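Undergrad: Mind looking over this structure? Questions follow.
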Amino acid sequence: MPELPEVEVSARIAGSALKDSHIQNLLLKDCKLFRPPQQSTLQSQVDTEHSSFNQEVFWQHGDLSSLLSDALPLAPYTFRHGKLMACLFQAQDARVFCLFARLGMTGKFVRRSVDSALHKSTKLSLSLVKHSADPTTDLRLDFLNTRMFGQIWIQCSRYAVSPDQRVEVLRAIFDSEVKRSNMGLDAYELSSQPISWIKYIREQANHRQVKTALLDQSLLAGIGNIYAAECLFTAKAHPLAKFSQLSDEQLILMAQGLYESMTQTLIRSEGQGEVIYGSGLGPKSPFAVYGREGEPCPTCQAPLAFLRIAGRATVFCKNCQISKI
Ligand SMILES: [Zn+2]
């Protein structure tokens, strides 16, 4: 299951591929990956700070092909919030649109050389020509999805947008989907600001159980089982404790642990040029406790314990992560 860092890596790869380029060729496999968000909850009217506009949603093969085939990637090229990402484009008629992607279980964007063979699970492939004189910089941006849990669709402004408003309108389209899917604050961004983290947790979740609250996407978008386990270990917090039982110092350690372990995954994956899914790492796992039930605790050497909380496996140290209930 992708967590926030896997999506961030995909967004960075897509962003660097789309930068200063235009689409020369397009391949789009007609499959159920391309489907709309729940339309009954989709707002057609979107507000920016200064005005409002209407958006339309597209997911059918013909619509996506015609929009993308002559589209121009627009800076900043991608947005990400939690596990949601979008690539940003301008259509030929000056409408602007977000190509939204949910990675599902195994989806990812990868950069490939223009002449490399297509992977059999490629569902979308953009051949990109860079705006430089050097033809060796041309490349392909492919979306691979071996299982069909991912989702791709487009939300587009109904009318042309003037150049000075493009980014603002794209941001508003993206934010409308963040809001529609009821996502809380972005976990990576918030964990980089420990004081804001404490304030938010104390105000929004102080009486909630830490493990289930951390996994609640409407509270904190992007945290899954891996980083919840890791940051609870860093904070010496029992997974069944409530936030109100943790000190501010523990909350700071939790934010730092979250930020640090996510950053390390970003660094590892970027070095590989594509997403390395955390759950498939086996004995080489870089994580302190995640997936290490029964192994010695890195701090006290006691065997790590296992608990199932709300159906999710939780590994922790009974010595180091003491509940003060
Ligand atoms: Zn321990």
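Residue numbering restarts at 1 for every chain of the structure tokens, chains are lettered A, B, ... in their displayed order, and ligands are numbered from 1 as they appear.
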For the strand (DSSP E) assignment from backbone DSSP, which residues of region 116-217 of chain A qualify? Please present them as a PyMOL selection string.

TA: chain A and resi 122-130+139-144+151-157+185-186

Undergrad: For Gln245 (chain A), find every residue with an atom within 12 Å (counting only C-alpha atoms), except residues of its own chain fewer than 5 positions away, and show them as a VMD selection string.

TA: chain A and resid 202 205 to 210 236 to 240 250 to 251 322 to 325

Undergrad: Write the residues of the preceding selection, restricted to C-alpha atoms, as an mmCIF file, in the first residue's frame.

TA:
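Heads up, here's the output in again.cif:
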data_model
loop_
_atom_site.group_PDB
_atom_site.id
_atom_site.type_symbol
_atom_site.label_atom_id
_atom_site.label_comp_id
_atom_site.auth_asym_id
_atom_site.auth_seq_id
_atom_site.Cartn_x
_atom_site.Cartn_y
_atom_site.Cartn_z
ATOM 1 C CA ARG A 202 -4.168 18.903 20.985
ATOM 2 C CA ALA A 205 -7.439 14.638 18.487
ATOM 3 C CA ASN A 206 -6.323 14.965 22.112
ATOM 4 C CA HIS A 207 -8.778 12.370 23.416
ATOM 5 C CA ARG A 208 -8.290 9.897 20.605
ATOM 6 C CA GLN A 209 -6.228 6.727 20.640
ATOM 7 C CA VAL A 210 -2.934 7.507 18.927
ATOM 8 C CA LYS A 236 7.984 5.947 23.148
ATOM 9 C CA ALA A 237 4.199 6.008 22.899
ATOM 10 C CA HIS A 238 2.048 2.929 23.433
ATOM 11 C CA PRO A 239 -0.224 2.450 20.400
ATOM 12 C CA LEU A 240 -3.305 2.216 22.637
ATOM 13 C CA GLN A 250 6.625 13.009 23.095
ATOM 14 C CA LEU A 251 4.518 14.754 20.458
ATOM 15 C CA ILE A 322 4.735 2.198 28.022
ATOM 16 C CA SER A 323 1.081 3.038 28.362
ATOM 17 C CA LYS A 324 0.375 5.435 31.211
ATOM 18 C CA ILE A 325 -3.280 4.435 31.341
#

Undergrad: What residues in region 59-108 of chain A get the DSSP label helix (DSSP H, G or I)? Please answer as a list of chain:residue names.

TA: A:His61, A:Gly62, A:Asp63, A:Leu64, A:Ser65, A:Ser66, A:Leu67, A:Leu68, A:Ser69

Undergrad: Near Trp59 (chain A), counting only C-alpha atoms, which residues have an atom at most 10 Å away, once you skip same-chain residues fewer than 4 positions from it, shown as a list in words?

TA: Lys32, Leu33, Phe34, Arg35, Pro36, Pro37, Asp63, Leu64, Ser65, Leu99, Gln151, Ile152, Trp153, Ile154 and Gln155 of chain A

Undergrad: Would you mind exporting N, CA and C atoms of the selected residues as a PDB file, in the first residue's frame?

TA:
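Once written, result-v3.pdb looks like this:
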ATOM      1  N   LYS A  32     -10.116   0.113 -16.665  1.00  0.00           N
ATOM      2  CA  LYS A  32     -10.913   0.695 -15.571  1.00  0.00           C
ATOM      3  C   LYS A  32     -10.088   1.538 -14.603  1.00  0.00           C
ATOM      4  N   LEU A  33      -8.781   1.654 -14.867  1.00  0.00           N
ATOM      5  CA  LEU A  33      -7.983   2.608 -14.092  1.00  0.00           C
ATOM      6  C   LEU A  33      -8.552   4.018 -14.267  1.00  0.00           C
ATOM      7  N   PHE A  34      -9.079   4.275 -15.461  1.00  0.00           N
ATOM      8  CA  PHE A  34      -9.594   5.608 -15.773  1.00  0.00           C
ATOM      9  C   PHE A  34     -11.071   5.666 -15.404  1.00  0.00           C
ATOM     10  N   ARG A  35     -11.337   6.288 -14.276  1.00  0.00           N
ATOM     11  CA  ARG A  35     -12.722   6.418 -13.822  1.00  0.00           C
ATOM     12  C   ARG A  35     -12.832   7.662 -12.949  1.00  0.00           C
ATOM     13  N   PRO A  36     -14.038   8.194 -12.827  1.00  0.00           N
ATOM     14  CA  PRO A  36     -14.189   9.473 -12.130  1.00  0.00           C
ATOM     15  C   PRO A  36     -14.308   9.287 -10.628  1.00  0.00           C
ATOM     16  N   PRO A  37     -14.064  10.347  -9.852  1.00  0.00           N
ATOM     17  CA  PRO A  37     -14.421  10.294  -8.437  1.00  0.00           C
ATOM     18  C   PRO A  37     -15.937  10.249  -8.330  1.00  0.00           C
ATOM     19  N   ASP A  63     -11.975  11.461 -24.371  1.00  0.00           N
ATOM     20  CA  ASP A  63     -11.806  12.782 -23.755  1.00  0.00           C
ATOM     21  C   ASP A  63     -10.377  12.972 -23.251  1.00  0.00           C
ATOM     22  N   LEU A  64      -9.860  11.944 -22.573  1.00  0.00           N
ATOM     23  CA  LEU A  64      -8.499  12.046 -22.042  1.00  0.00           C
ATOM     24  C   LEU A  64      -7.491  12.179 -23.182  1.00  0.00           C
ATOM     25  N   SER A  65      -7.695  11.386 -24.230  1.00  0.00           N
ATOM     26  CA  SER A  65      -6.768  11.446 -25.371  1.00  0.00           C
ATOM     27  C   SER A  65      -6.756  12.825 -25.996  1.00  0.00           C
ATOM     28  N   LEU A  99      -4.468  16.395 -13.967  1.00  0.00           N
ATOM     29  CA  LEU A  99      -4.560  14.950 -14.204  1.00  0.00           C
ATOM     30  C   LEU A  99      -4.339  14.284 -12.847  1.00  0.00           C
ATOM     31  N   GLN A 151      -6.386   4.915  -9.717  1.00  0.00           N
ATOM     32  CA  GLN A 151      -7.457   5.679 -10.369  1.00  0.00           C
ATOM     33  C   GLN A 151      -6.854   6.925 -11.009  1.00  0.00           C
ATOM     34  N   ILE A 152      -7.246   7.191 -12.241  1.00  0.00           N
ATOM     35  CA  ILE A 152      -6.781   8.398 -12.934  1.00  0.00           C
ATOM     36  C   ILE A 152      -7.974   9.080 -13.592  1.00  0.00           C
ATOM     37  N   TRP A 153      -8.025  10.398 -13.462  1.00  0.00           N
ATOM     38  CA  TRP A 153      -9.088  11.163 -14.109  1.00  0.00           C
ATOM     39  C   TRP A 153      -8.623  12.613 -14.242  1.00  0.00           C
ATOM     40  N   ILE A 154      -9.403  13.400 -14.968  1.00  0.00           N
ATOM     41  CA  ILE A 154      -9.050  14.808 -15.192  1.00  0.00           C
ATOM     42  C   ILE A 154     -10.150  15.717 -14.666  1.00  0.00           C
ATOM     43  N   GLN A 155      -9.751  16.790 -14.005  1.00  0.00           N
ATOM     44  CA  GLN A 155     -10.679  17.880 -13.683  1.00  0.00           C
ATOM     45  C   GLN A 155     -10.147  19.136 -14.369  1.00  0.00           C
TER      46      GLN A 155
END

Undergrad: Could you pull the residues within 10 Å of Thr122 (chain A), counting only C-alpha atoms, minus those fewer than 3 positions along the same chain, as a list in words?

TA: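 My reading of the contact set: Leu27, Leu28, Lys29, Gly107, Lys108, Phe109, Val110, Leu118, His119, Ser125, Asp142, Phe143, Leu144, Asn145 and Thr146 of chain A.
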
Undergrad: Which is closer to ligand 1 than all the others in A:Phe316, A:Trp197, A:Phe89, A:Phe174, using only C-alpha atoms and all ligand atoms?

TA: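 With only C-alpha atoms and all ligand atoms as the atom set, the closest residue is A:Phe316.
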
Undergrad: Compile a residue-level contact table for chain A against ligand 1 at a cut-off of 10 Å, reporting for every qualifying residue the shortest atom pair and its distance in Å to one decimal, with only C-alpha atoms and all ligand atoms counted, rows ordered by chain and ascending number, as CSV.

TA:
residue,atom,partner,partner_atom_place_in_ligand_line,distance
A:Phe233,CA,ligand 1,1 (Zn),8.6
A:Lys236,CA,ligand 1,1 (Zn),8.8
A:Val289,CA,ligand 1,1 (Zn),9.7
A:Pro296,CA,ligand 1,1 (Zn),7.8
A:Cys297,CA,ligand 1,1 (Zn),4.6
A:Pro298,CA,ligand 1,1 (Zn),6.6
A:Thr299,CA,ligand 1,1 (Zn),4.9
A:Cys300,CA,ligand 1,1 (Zn),4.1
A:Gln301,CA,ligand 1,1 (Zn),6.0
A:Ala302,CA,ligand 1,1 (Zn),5.7
A:Pro303,CA,ligand 1,1 (Zn),7.8
A:Leu304,CA,ligand 1,1 (Zn),7.3
A:Ala305,CA,ligand 1,1 (Zn),9.7
A:Phe316,CA,ligand 1,1 (Zn),8.0
A:Cys317,CA,ligand 1,1 (Zn),4.7
A:Lys318,CA,ligand 1,1 (Zn),6.6
A:Asn319,CA,ligand 1,1 (Zn),4.9
A:Cys320,CA,ligand 1,1 (Zn),4.2
A:Gln321,CA,ligand 1,1 (Zn),7.2
A:Ile322,CA,ligand 1,1 (Zn),9.6
